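**Q** Quick one: structure below, then a few questions.
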Amino acid sequence: MVERWTRERRLEHTRSLLLDAAEDVFSEKGFAPATLDDIAHAAGYTKGAIYKHFATKEDLFLAVSDRYWRRYFDNFAEVMASA
């Protein structure tokens, strides 16, 4: 049986893909030269999909940064707990 995704799960999946693409584009081009069109293209979505999740390019960048640091500190906590 095929599992049906809820609306919330689809939105979270899209958000995650947008963050992945934004991280790649920001890493490659830098913040200023990167455009939302670049990120949308890399993610395979439209710019409208980005605006559904993030108000501005700055908000998207902050979300990418937040996710990066959360992962970093989660991994750090795991290493410290196992030491």
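For the structure tokens, the naming scheme is as follows: chains receive sequential letters (A, B, ...) according to their order of presentation, residues are indexed from 1 within each chain, and ligands are indexed from 1 in presentation order.
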So that I can see what lies close to range 50-60 of chain A, please list as a PyMOL selection string the residues with an atom at most 12 Å from it, counting only C-alpha atoms and leaving out residues fewer than 2 positions away in the same chain.
**A** chain A and resi 11-23+25-26+31-48+62-67
**Q** Taking the DSSP secondary structure from the backbone, can you list the residues of chain A that are alpha helix (DSSP H), as an MDAnalysis selection string?
**A** chainID A and resid 7:29 36:43 47:53 57:82
**Q** Would you compute the distance between CA of Asp74 in chain A and CA of Ser27 in chain A? Give it in Å to one decimal.
**A**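 Interatomic distance here is 21.5 Å.
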